[in-house]
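Novice: My file is query-v3.tsv. It has TSV, C-alpha atoms:
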chain	number	residue	atom	x	y	z
A	1	MET	CA	8.86	-29.67	8.18
A	2	ASP	CA	9.56	-26.77	10.53
A	3	ASP	CA	8.85	-23.39	8.91
A	4	MET	CA	11.75	-21.90	10.92
A	5	THR	CA	14.25	-23.78	8.74
A	6	LEU	CA	12.70	-22.78	5.44
A	7	ALA	CA	12.72	-18.98	5.30
A	8	PRO	CA	11.72	-17.02	3.38
A	9	THR	CA	8.11	-18.13	3.07
A	10	VAL	CA	5.48	-15.93	1.45
A	11	LYS	CA	1.74	-16.59	1.66
A	12	GLY	CA	-1.03	-14.79	-0.16
A	13	THR	CA	-3.88	-15.04	-2.62
A	14	VAL	CA	-4.31	-14.25	-6.30
A	15	GLU	CA	-7.49	-13.31	-8.10
A	16	PHE	CA	-9.11	-16.03	-10.17
A	17	GLY	CA	-12.08	-14.38	-11.83
A	18	ALA	CA	-14.50	-13.52	-9.03
A	19	TYR	CA	-12.66	-15.86	-6.64
A	20	ARG	CA	-9.29	-16.13	-4.92
A	21	THR	CA	-6.64	-18.86	-4.90
A	22	TRP	CA	-4.49	-19.20	-1.78
A	23	TYR	CA	-0.79	-19.92	-2.29
A	24	ARG	CA	2.44	-20.34	-0.35
A	25	VAL	CA	5.94	-19.87	-1.81
A	26	THR	CA	8.94	-21.32	0.04
A	27	GLY	CA	12.07	-19.71	-1.34
A	28	GLU	CA	12.29	-16.69	-3.61
A	29	LEU	CA	10.66	-16.12	-7.00
A	30	PRO	CA	12.34	-16.02	-9.39
A	31	GLY	CA	14.95	-18.47	-8.16
A	32	ASP	CA	18.07	-20.00	-9.64
A	33	ARG	CA	16.07	-23.07	-10.64
A	34	PRO	CA	12.53	-23.48	-12.02
A	35	PRO	CA	9.99	-23.54	-9.17
A	36	LEU	CA	8.26	-26.76	-8.19
A	37	VAL	CA	4.49	-26.24	-8.18
A	38	VAL	CA	2.68	-28.75	-5.94
A	39	LEU	CA	-0.83	-29.93	-6.86
A	40	HIS	CA	-2.72	-31.59	-4.01
A	41	GLY	CA	-5.17	-34.46	-4.24
A	42	GLY	CA	-8.86	-34.94	-3.67
A	43	PRO	CA	-10.37	-33.21	-5.51
A	44	GLY	CA	-11.34	-31.35	-2.40
A	45	SER	CA	-8.22	-31.84	-0.33
A	46	SER	CA	-5.75	-29.11	0.72
A	47	HIS	CA	-2.01	-28.47	0.55
A	48	ASP	CA	-1.32	-29.36	4.20
A	49	TYR	CA	-0.38	-33.03	3.78
A	50	LEU	CA	2.21	-32.11	1.13
A	51	LEU	CA	4.01	-29.42	3.13
A	52	THR	CA	7.12	-31.55	3.64
A	53	LEU	CA	7.96	-30.91	-0.03
A	54	ALA	CA	8.86	-27.37	1.03
A	55	GLY	CA	12.16	-28.85	2.18
A	56	LEU	CA	13.22	-29.12	-1.47
A	57	SER	CA	13.65	-25.33	-1.43
A	58	ARG	CA	16.99	-25.85	0.35
A	59	SER	CA	18.49	-26.73	-3.05
A	60	GLY	CA	17.65	-23.26	-4.35
A	61	ARG	CA	14.45	-24.37	-6.08
A	62	PRO	CA	11.38	-22.40	-4.92
A	63	VAL	CA	8.42	-24.57	-3.94
A	64	VAL	CA	4.86	-23.34	-4.56
A	65	HIS	CA	1.92	-24.88	-2.70
A	66	TYR	CA	-1.64	-23.78	-3.29
A	67	ASP	CA	-5.18	-24.74	-2.28
A	68	GLN	CA	-7.41	-25.46	-5.23
A	69	LEU	CA	-10.69	-23.53	-5.46
A	70	GLY	CA	-13.29	-24.66	-2.94
A	71	ASN	CA	-10.68	-25.88	-0.46
A	72	GLY	CA	-8.39	-24.71	2.34
A	73	GLY	CA	-7.55	-21.03	2.14
A	74	SER	CA	-9.10	-20.47	-1.31
A	75	THR	CA	-12.66	-19.33	-1.98
A	76	HIS	CA	-15.29	-21.83	-0.81
A	77	LEU	CA	-18.44	-22.26	-2.89
A	78	ARG	CA	-20.71	-24.67	-1.06
A	79	ASP	CA	-23.73	-23.85	-3.22
A	80	ARG	CA	-22.17	-24.82	-6.57
A	81	GLY	CA	-23.21	-28.02	-8.30
A	82	ALA	CA	-21.52	-30.63	-10.45
A	83	ASP	CA	-21.65	-28.47	-13.59
A	84	PHE	CA	-19.33	-25.96	-11.89
A	85	TRP	CA	-16.70	-28.33	-10.50
A	86	THR	CA	-14.94	-29.55	-13.65
A	87	VAL	CA	-11.42	-30.54	-14.65
A	88	GLU	CA	-11.37	-27.49	-16.94
A	89	LEU	CA	-12.06	-25.21	-13.97
A	90	PHE	CA	-8.98	-26.48	-12.14
A	91	LEU	CA	-6.85	-26.36	-15.28
A	92	ASP	CA	-7.85	-22.72	-15.73
A	93	GLU	CA	-7.05	-22.01	-12.09
A	94	LEU	CA	-3.59	-23.55	-12.47
A	95	ASP	CA	-2.88	-21.50	-15.60
A	96	ASN	CA	-4.04	-18.37	-13.79
A	97	LEU	CA	-1.79	-19.08	-10.79
A	98	LEU	CA	1.27	-19.64	-12.98
A	99	GLY	CA	0.62	-16.37	-14.77
A	100	ARG	CA	-0.10	-14.34	-11.64
A	101	LEU	CA	3.07	-15.57	-9.93
A	102	GLY	CA	5.10	-14.82	-13.06
A	103	ILE	CA	6.41	-18.37	-13.46
A	104	ALA	CA	4.52	-19.57	-16.55
A	105	GLU	CA	7.69	-19.43	-18.66
A	106	GLU	CA	9.59	-21.97	-16.55
A	107	TYR	CA	8.25	-24.38	-13.90
A	108	VAL	CA	8.03	-28.03	-12.83
A	109	LEU	CA	4.79	-29.70	-11.71
A	110	PHE	CA	4.42	-32.23	-8.90
A	111	GLY	CA	0.92	-33.72	-8.71
A	112	GLN	CA	-0.16	-36.21	-6.06
A	113	SER	CA	-3.26	-38.45	-6.47
A	114	TRP	CA	-5.94	-36.28	-8.15
A	115	GLY	CA	-3.22	-33.62	-8.38
A	116	GLY	CA	-1.26	-36.02	-10.59
A	117	VAL	CA	-4.27	-36.40	-12.87
A	118	LEU	CA	-4.60	-32.61	-13.04
A	119	ALA	CA	-0.87	-32.17	-13.71
A	120	ALA	CA	-0.99	-34.72	-16.54
A	121	ALA	CA	-4.09	-33.05	-18.02
A	122	HIS	CA	-2.12	-29.78	-18.00
A	123	ALA	CA	0.91	-31.45	-19.58
A	124	VAL	CA	-1.00	-32.96	-22.53
A	125	ARG	CA	-1.55	-29.40	-23.72
A	126	ARG	CA	2.23	-29.06	-24.11
A	127	PRO	CA	2.63	-25.73	-22.29
A	128	ALA	CA	5.84	-24.03	-23.37
A	129	GLY	CA	7.11	-23.37	-19.83
A	130	LEU	CA	6.72	-26.87	-18.39
A	131	ARG	CA	10.21	-28.25	-17.69
A	132	GLY	CA	9.36	-31.45	-15.83
A	133	LEU	CA	6.41	-33.49	-14.54
A	134	VAL	CA	6.04	-35.73	-11.49
A	135	ILE	CA	2.90	-37.88	-11.35
A	136	ALA	CA	2.66	-39.40	-7.88
A	137	ASN	CA	0.10	-42.02	-6.83
A	138	ALA	CA	-2.36	-41.10	-9.58
A	139	PRO	CA	-4.65	-43.21	-11.79
A	140	ALA	CA	-4.46	-42.68	-15.54
A	141	SER	CA	-8.07	-43.81	-15.90
A	142	TYR	CA	-10.81	-43.71	-13.27
A	143	PRO	CA	-12.79	-46.57	-14.88
A	144	LEU	CA	-9.65	-48.71	-14.78
A	145	TRP	CA	-8.93	-47.64	-11.22
A	146	LEU	CA	-12.46	-48.50	-10.06
A	147	THR	CA	-11.95	-52.06	-11.30
A	148	GLU	CA	-8.71	-52.24	-9.34
A	149	LEU	CA	-10.33	-50.80	-6.21
A	150	ASP	CA	-12.86	-53.64	-6.27
A	151	VAL	CA	-9.95	-56.08	-6.16
A	152	LEU	CA	-8.43	-54.29	-3.14
A	153	ARG	CA	-11.78	-54.14	-1.37
A	154	ALA	CA	-12.38	-57.85	-1.87
A	155	ALA	CA	-9.06	-58.58	-0.15
A	156	LEU	CA	-9.96	-56.69	3.05
A	157	PRO	CA	-10.59	-58.69	6.24
A	158	PRO	CA	-13.87	-60.66	6.31
A	159	GLY	CA	-16.95	-58.48	6.65
A	160	VAL	CA	-15.26	-55.12	6.03
A	161	ASP	CA	-16.25	-54.71	2.39
A	162	ALA	CA	-19.76	-56.00	3.13
A	163	THR	CA	-20.13	-53.28	5.78
A	164	LEU	CA	-18.85	-50.64	3.37
A	165	ARG	CA	-21.19	-51.68	0.57
A	166	ARG	CA	-24.19	-51.91	2.87
A	167	HIS	CA	-23.74	-48.29	3.95
A	168	GLU	CA	-22.91	-47.12	0.42
A	169	ALA	CA	-26.14	-48.67	-0.85
A	170	ALA	CA	-28.13	-47.12	2.00
A	171	GLY	CA	-26.53	-43.69	1.65
A	172	THR	CA	-25.27	-43.80	5.24
A	173	THR	CA	-21.58	-43.27	4.53
A	174	ASP	CA	-21.41	-40.68	7.32
A	175	SER	CA	-22.13	-43.35	9.95
A	176	PRO	CA	-19.49	-44.39	12.52
A	177	ALA	CA	-19.64	-47.98	11.27
A	178	TYR	CA	-18.79	-46.92	7.71
A	179	LYS	CA	-15.97	-44.69	8.87
A	180	ALA	CA	-14.51	-47.44	11.03
A	181	ALA	CA	-14.54	-49.88	8.11
A	182	MET	CA	-13.17	-47.16	5.84
A	183	MET	CA	-10.12	-46.77	8.08
A	184	VAL	CA	-9.25	-50.45	7.59
A	185	PHE	CA	-8.79	-49.70	3.89
A	186	TYR	CA	-7.03	-46.39	4.56
A	187	GLN	CA	-4.48	-47.98	6.91
A	188	ARG	CA	-3.63	-50.55	4.25
A	189	HIS	CA	-3.70	-48.50	1.08
A	190	VAL	CA	-3.71	-44.74	1.86
A	191	CYS	CA	-1.29	-44.15	4.75
A	192	ARG	CA	0.42	-46.90	6.75
A	193	CYS	CA	1.85	-44.52	9.37
A	194	LYS	CA	0.64	-45.03	12.94
A	195	PRO	CA	-0.46	-42.65	14.26
A	196	LEU	CA	-1.47	-40.69	11.17
A	197	PRO	CA	0.82	-37.66	10.62
A	198	PRO	CA	-0.58	-34.32	11.85
A	199	GLU	CA	-0.31	-32.73	8.39
A	200	LEU	CA	-2.53	-35.50	6.99
A	201	MET	CA	-5.01	-35.05	9.83
A	202	ALA	CA	-5.10	-31.33	9.01
A	203	THR	CA	-6.07	-32.16	5.43
A	204	PHE	CA	-8.75	-34.62	6.60
A	205	MET	CA	-10.17	-31.86	8.81
A	206	GLU	CA	-10.29	-29.49	5.84
A	207	ILE	CA	-12.22	-32.04	3.78
A	208	ASN	CA	-14.64	-32.71	6.63
A	209	SER	CA	-15.27	-29.00	7.18
A	210	ASP	CA	-16.29	-28.52	3.54
A	211	PRO	CA	-16.70	-31.74	1.51
A	212	THR	CA	-18.39	-29.99	-1.43
A	213	VAL	CA	-15.70	-30.63	-4.02
A	214	TYR	CA	-14.68	-34.06	-2.71
A	215	HIS	CA	-18.21	-35.44	-2.64
A	216	THR	CA	-19.13	-33.89	-5.99
A	217	MET	CA	-16.13	-35.01	-8.03
A	218	ASN	CA	-14.88	-38.06	-6.09
A	219	GLY	CA	-17.43	-39.51	-3.69
A	220	PRO	CA	-17.83	-40.48	-0.02
A	221	SER	CA	-14.39	-42.12	0.28
A	222	GLU	CA	-11.12	-42.84	-1.53
A	223	PHE	CA	-12.37	-46.20	-2.77
A	224	CYS	CA	-15.98	-45.31	-3.58
A	225	VAL	CA	-15.73	-42.99	-6.59
A	226	THR	CA	-19.30	-42.07	-7.48
A	227	GLY	CA	-18.68	-38.43	-8.45
A	228	THR	CA	-18.17	-36.73	-11.80
A	229	LEU	CA	-14.64	-38.15	-12.23
A	230	ARG	CA	-15.84	-41.77	-12.32
A	231	ASP	CA	-15.68	-41.86	-16.14
A	232	TYR	CA	-12.61	-39.62	-16.57
A	233	SER	CA	-9.58	-40.99	-18.40
A	234	LEU	CA	-6.37	-39.53	-19.82
A	235	VAL	CA	-5.18	-42.69	-21.53
A	236	ASP	CA	-5.83	-41.59	-25.11
A	237	ARG	CA	-3.99	-38.29	-24.59
A	238	LEU	CA	-0.90	-39.41	-22.70
A	239	PRO	CA	1.32	-39.77	-25.81
A	240	GLN	CA	0.96	-36.00	-26.29
A	241	ILE	CA	3.07	-35.27	-23.18
A	242	ASP	CA	6.51	-34.09	-24.27
A	243	THR	CA	8.24	-33.22	-20.99
A	244	PRO	CA	10.53	-35.37	-18.79
A	245	THR	CA	8.21	-37.37	-16.54
A	246	LEU	CA	8.65	-39.32	-13.30
A	247	VAL	CA	5.85	-41.65	-12.17
A	248	ILE	CA	5.76	-42.71	-8.50
A	249	THR	CA	3.52	-45.25	-6.78
A	250	GLY	CA	3.72	-47.22	-3.54
A	251	GLU	CA	3.97	-50.97	-3.07
A	252	HIS	CA	0.62	-51.02	-1.23
A	253	ASP	CA	-0.89	-48.02	-3.04
A	254	GLU	CA	-4.63	-47.74	-3.59
A	255	VAL	CA	-3.51	-46.72	-7.09
A	256	THR	CA	-2.40	-50.19	-8.16
A	257	PRO	CA	0.28	-50.84	-10.81
A	258	ALA	CA	-2.43	-51.56	-13.38
A	259	ALA	CA	-4.08	-48.18	-12.70
A	260	ALA	CA	-0.81	-46.25	-13.03
A	261	ARG	CA	0.83	-48.27	-15.81
A	262	PRO	CA	-0.59	-46.22	-18.74
A	263	PHE	CA	1.48	-43.25	-17.55
A	264	ALA	CA	4.66	-45.32	-17.73
A	265	ASP	CA	3.74	-47.06	-20.98
A	266	LEU	CA	2.29	-44.16	-22.96
A	267	VAL	CA	4.12	-41.00	-21.83
A	268	PRO	CA	7.25	-40.92	-24.03
A	269	GLY	CA	10.37	-41.56	-21.95
A	270	ALA	CA	8.55	-41.73	-18.61
A	271	HIS	CA	10.40	-43.34	-15.69
A	272	TRP	CA	8.36	-45.28	-13.10
A	273	GLU	CA	9.38	-46.07	-9.53
A	274	ILE	CA	7.38	-48.24	-7.10
A	275	ILE	CA	8.44	-47.45	-3.53
A	276	GLU	CA	8.67	-50.49	-1.26
A	277	GLY	CA	6.82	-50.34	2.03
A	278	ALA	CA	4.70	-47.33	1.06
A	279	SER	CA	1.07	-47.01	0.04
A	280	HIS	CA	-0.60	-43.84	-1.27
A	281	LEU	CA	1.53	-41.29	0.59
A	282	PRO	CA	5.20	-42.31	0.26
A	283	HIS	CA	6.38	-38.77	1.01
A	284	LEU	CA	5.04	-39.34	4.56
A	285	GLU	CA	5.54	-43.11	4.87
A	286	THR	CA	9.04	-43.52	3.37
A	287	PRO	CA	10.31	-39.92	3.21
A	288	GLN	CA	13.99	-40.73	2.74
A	289	ARG	CA	13.48	-42.92	-0.34
A	290	PHE	CA	10.83	-40.57	-1.74
A	291	THR	CA	13.06	-37.50	-1.37
A	292	GLU	CA	15.97	-39.36	-2.93
A	293	LEU	CA	13.95	-40.27	-6.03
A	294	LEU	CA	12.43	-36.83	-6.42
A	295	THR	CA	15.75	-35.03	-5.92
A	296	GLN	CA	17.51	-37.24	-8.47
A	297	PHE	CA	14.81	-36.48	-11.04
A	298	LEU	CA	14.80	-32.73	-10.38
A	299	ASP	CA	18.61	-32.52	-10.53
A	300	LYS	CA	18.60	-34.06	-14.01
A	301	LEU	CA	16.19	-31.51	-15.47
Take the structure in this file and express it as structure tokens.

Specialist:
Amino acid sequence: MDDMTLAPTVKGTVEFGAYRTWYRVTGELPGDRPPLVVLHGGPGSSHDYLLTLAGLSRSGRPVVHYDQLGNGGSTHLRDRGADFWTVELFLDELDNLLGRLGIAEEYVLFGQSWGGVLAAAHAVRRPAGLRGLVIANAPASYPLWLTELDVLRAALPPGVDATLRRHEAAGTTDSPAYKAAMMVFYQRHVCRCKPLPPELMATFMEINSDPTVYHTMNGPSEFCVTGTLRDYSLVDRLPQIDTPTLVITGEHDEVTPAAARPFADLVPGAHWEIIEGASHLPHLETPQRFTELLTQFLDKL
């Protein structure tokens, strides 16, 4: 999305304890409608691949992007270990950002992938200002998702999963052979666009430049979750969410229907849409259908 068509845009940072969180606001705060706060995936990704959502500001709804701590324009902390990088840390950072921007009394959350997990973890606390929740391409339970990922891996072309597992066992996931096999999975279940969109490549570059958070909490790849999130689940807490909720997944998503279903089944009143032809990034793969669904949901709030 061309920045020239989306003025005004404000970029800056807010203090978060001893650190700083980078943010971008498209539109004016406060606006006529509650702002949409966009939570990126990873953990350890950046906002870049979700920038097209800034176009929603044309309806008069401000759109807030930010880079979570350790990533993108926010403070990097390469020397911190697993005990530092916790779900609670990122929940605290989100609360701090909402307060610093003066929007904690009225806002909508859009979380994609890990960002959807984080958004749901925020929502189970029933914050008074949360007006709506979009959980896009996110697993409700990492243990459940890992089982589903094994199914997807087994269905890859002959020899691909064997190559992946050989390098995972040997600890050589940075090898060209692993990365080549990894892209077979990515092109099926992460992003089916060819070539990959530049905003997604920008996010991949950010992860590669500092993989601290991604490797610590997730693992070496999207489908090999060996980090601290591998046992994380929200399933037992989902009935506590009391805000209008839209769940989005893609037909070929790495987050399979079984991995996302608890959101639809357990969040009271949740509406679930599976977008045909898309995988993990429908906002890039099928932008027209994605925007239509998201706009319809936001207009009803």

Novice: Report as an MDAnalysis selection string all protein, DNA and RNA residues lying within 12 Å of Ala155 of chain A, evaluated on all atoms listed in the file, omitting residues in the same chain fewer than 5 positions from it.

Specialist: chainID A and resid 148:150 160:162 184:185 188:189

Novice: Can you spit out the residues from that selection as a compact mmCIF listing (two decimals), keeping the file's coordinate frame, using C-alpha atoms?

Specialist:
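Resulting contents of again-v4.txt:
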# COMPACT_ATOMS: atom_id res chain seq x y z
CA GLU A 148 -8.71 -52.24 -9.34
CA LEU A 149 -10.33 -50.80 -6.21
CA ASP A 150 -12.86 -53.64 -6.27
CA VAL A 160 -15.26 -55.12 6.03
CA ASP A 161 -16.25 -54.71 2.39
CA ALA A 162 -19.76 -56.00 3.13
CA VAL A 184 -9.25 -50.45 7.59
CA PHE A 185 -8.79 -49.70 3.89
CA ARG A 188 -3.63 -50.55 4.25
CA HIS A 189 -3.70 -48.50 1.08

Novice: Report as a Markdown table the residues of segment 209-262 of chain A within 9 Å of segment 112-122 of chain A, each with its shortest atom pair and distance in Å (one decimal), using all atoms listed in the file, ordered by chain and increasing residue number.

Specialist:
| residue | atom | partner | partner_atom | distance |
| --- | --- | --- | --- | --- |
| A:Ser233 | CA | A:Val117 | CA | 8.9 |
| A:Leu234 | CA | A:Ala121 | CA | 7.1 |
| A:Arg237 | CA | A:Ala121 | CA | 8.4 |
| A:Leu238 | CA | A:Ala120 | CA | 7.7 |
| A:Ile241 | CA | A:Ala120 | CA | 7.8 |
| A:Val255 | CA | A:Ser113 | CA | 8.3 |

Novice: In Å to one decimal, how far is atom CA of Gly99 of chain A from atom CA of Gly81 of chain A?

Specialist: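 According to the coordinates, atom CA of Gly81 of chain A and atom CA of Gly99 of chain A are separated by 27.3 Å.
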
Novice: Once 4 Å is added on each side, what are the centre and the three edge lengths, in Å to one decimal, of the axis-aligned box enclosing the listed atoms of segment 77-94 of chain A? Present them as AutoDock Vina command-line options.

Specialist:
--center_x -13.7 --center_y -26.3 --center_z -9.0 --size_x 28.1 --size_y 16.6 --size_z 23.9

Novice: Report as a VMD selection string all protein, DNA and RNA residues lying within 8 Å of Leu109 of chain A, evaluated on only C-alpha atoms, omitting residues in the same chain fewer than 2 positions from it.

Specialist: chain A and resid 36 to 39 107 111 119 130 132 to 134

Novice: Show me the residues close to (15.1, -25.3, -9.8) - anything with an atom within 9 Å, counting all atoms listed in the file - and format the list as a PyMOL selection string.

Specialist: chain A and resi 31-36+57+59-63+107-108+298-299+301

Novice: Can you pull out the residues contacting Pro197 of chain A? Cut-off 12 Å, using only C-alpha atoms, and skip same-chain residues under 3 positions away; I want them as number ranges by chain.

Specialist: A: 1, 48-52, 191-194, 200-204, 281, 283-285

Novice: The selected residues should be written to file as a PDB file, in the frame of the given file (atoms: C-alpha atoms).

Specialist:
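Below is the file selection_39.pdb, written as the result:
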ATOM      1  CA  MET A   1       8.860 -29.670   8.180  1.00  0.00           C
ATOM      2  CA  ASP A  48      -1.320 -29.360   4.200  1.00  0.00           C
ATOM      3  CA  TYR A  49      -0.380 -33.030   3.780  1.00  0.00           C
ATOM      4  CA  LEU A  50       2.210 -32.110   1.130  1.00  0.00           C
ATOM      5  CA  LEU A  51       4.010 -29.420   3.130  1.00  0.00           C
ATOM      6  CA  THR A  52       7.120 -31.550   3.640  1.00  0.00           C
ATOM      7  CA  CYS A 191      -1.290 -44.150   4.750  1.00  0.00           C
ATOM      8  CA  ARG A 192       0.420 -46.900   6.750  1.00  0.00           C
ATOM      9  CA  CYS A 193       1.850 -44.520   9.370  1.00  0.00           C
ATOM     10  CA  LYS A 194       0.640 -45.030  12.940  1.00  0.00           C
ATOM     11  CA  LEU A 200      -2.530 -35.500   6.990  1.00  0.00           C
ATOM     12  CA  MET A 201      -5.010 -35.050   9.830  1.00  0.00           C
ATOM     13  CA  ALA A 202      -5.100 -31.330   9.010  1.00  0.00           C
ATOM     14  CA  THR A 203      -6.070 -32.160   5.430  1.00  0.00           C
ATOM     15  CA  PHE A 204      -8.750 -34.620   6.600  1.00  0.00           C
ATOM     16  CA  LEU A 281       1.530 -41.290   0.590  1.00  0.00           C
ATOM     17  CA  HIS A 283       6.380 -38.770   1.010  1.00  0.00           C
ATOM     18  CA  LEU A 284       5.040 -39.340   4.560  1.00  0.00           C
ATOM     19  CA  GLU A 285       5.540 -43.110   4.870  1.00  0.00           C
TER      20      GLU A 285
END

Novice: Kindly give the distance, in Å, that separates atom CA of Thr243 of chain A and atom CA of Ala278 of chain A, rounded to a single decimal.

Specialist: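 These two atoms are separated by 26.4 Å.
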
Novice: Do a neighbour search on Val190 of chain A at 7 Å with all atoms listed in the file, toss out local chain neighbours closer than 5 positions, and write the hits as a PyMOL selection string.

Specialist: chain A and resi 253-254+279-281

Novice: Identify the residues within 8 Å of coordinate (8.5, -50.4, 0.6) (same frame as the file), considering only C-alpha atoms, and give the answer as a ChimeraX atom specification.

Specialist: /A:250-251,275-278,286
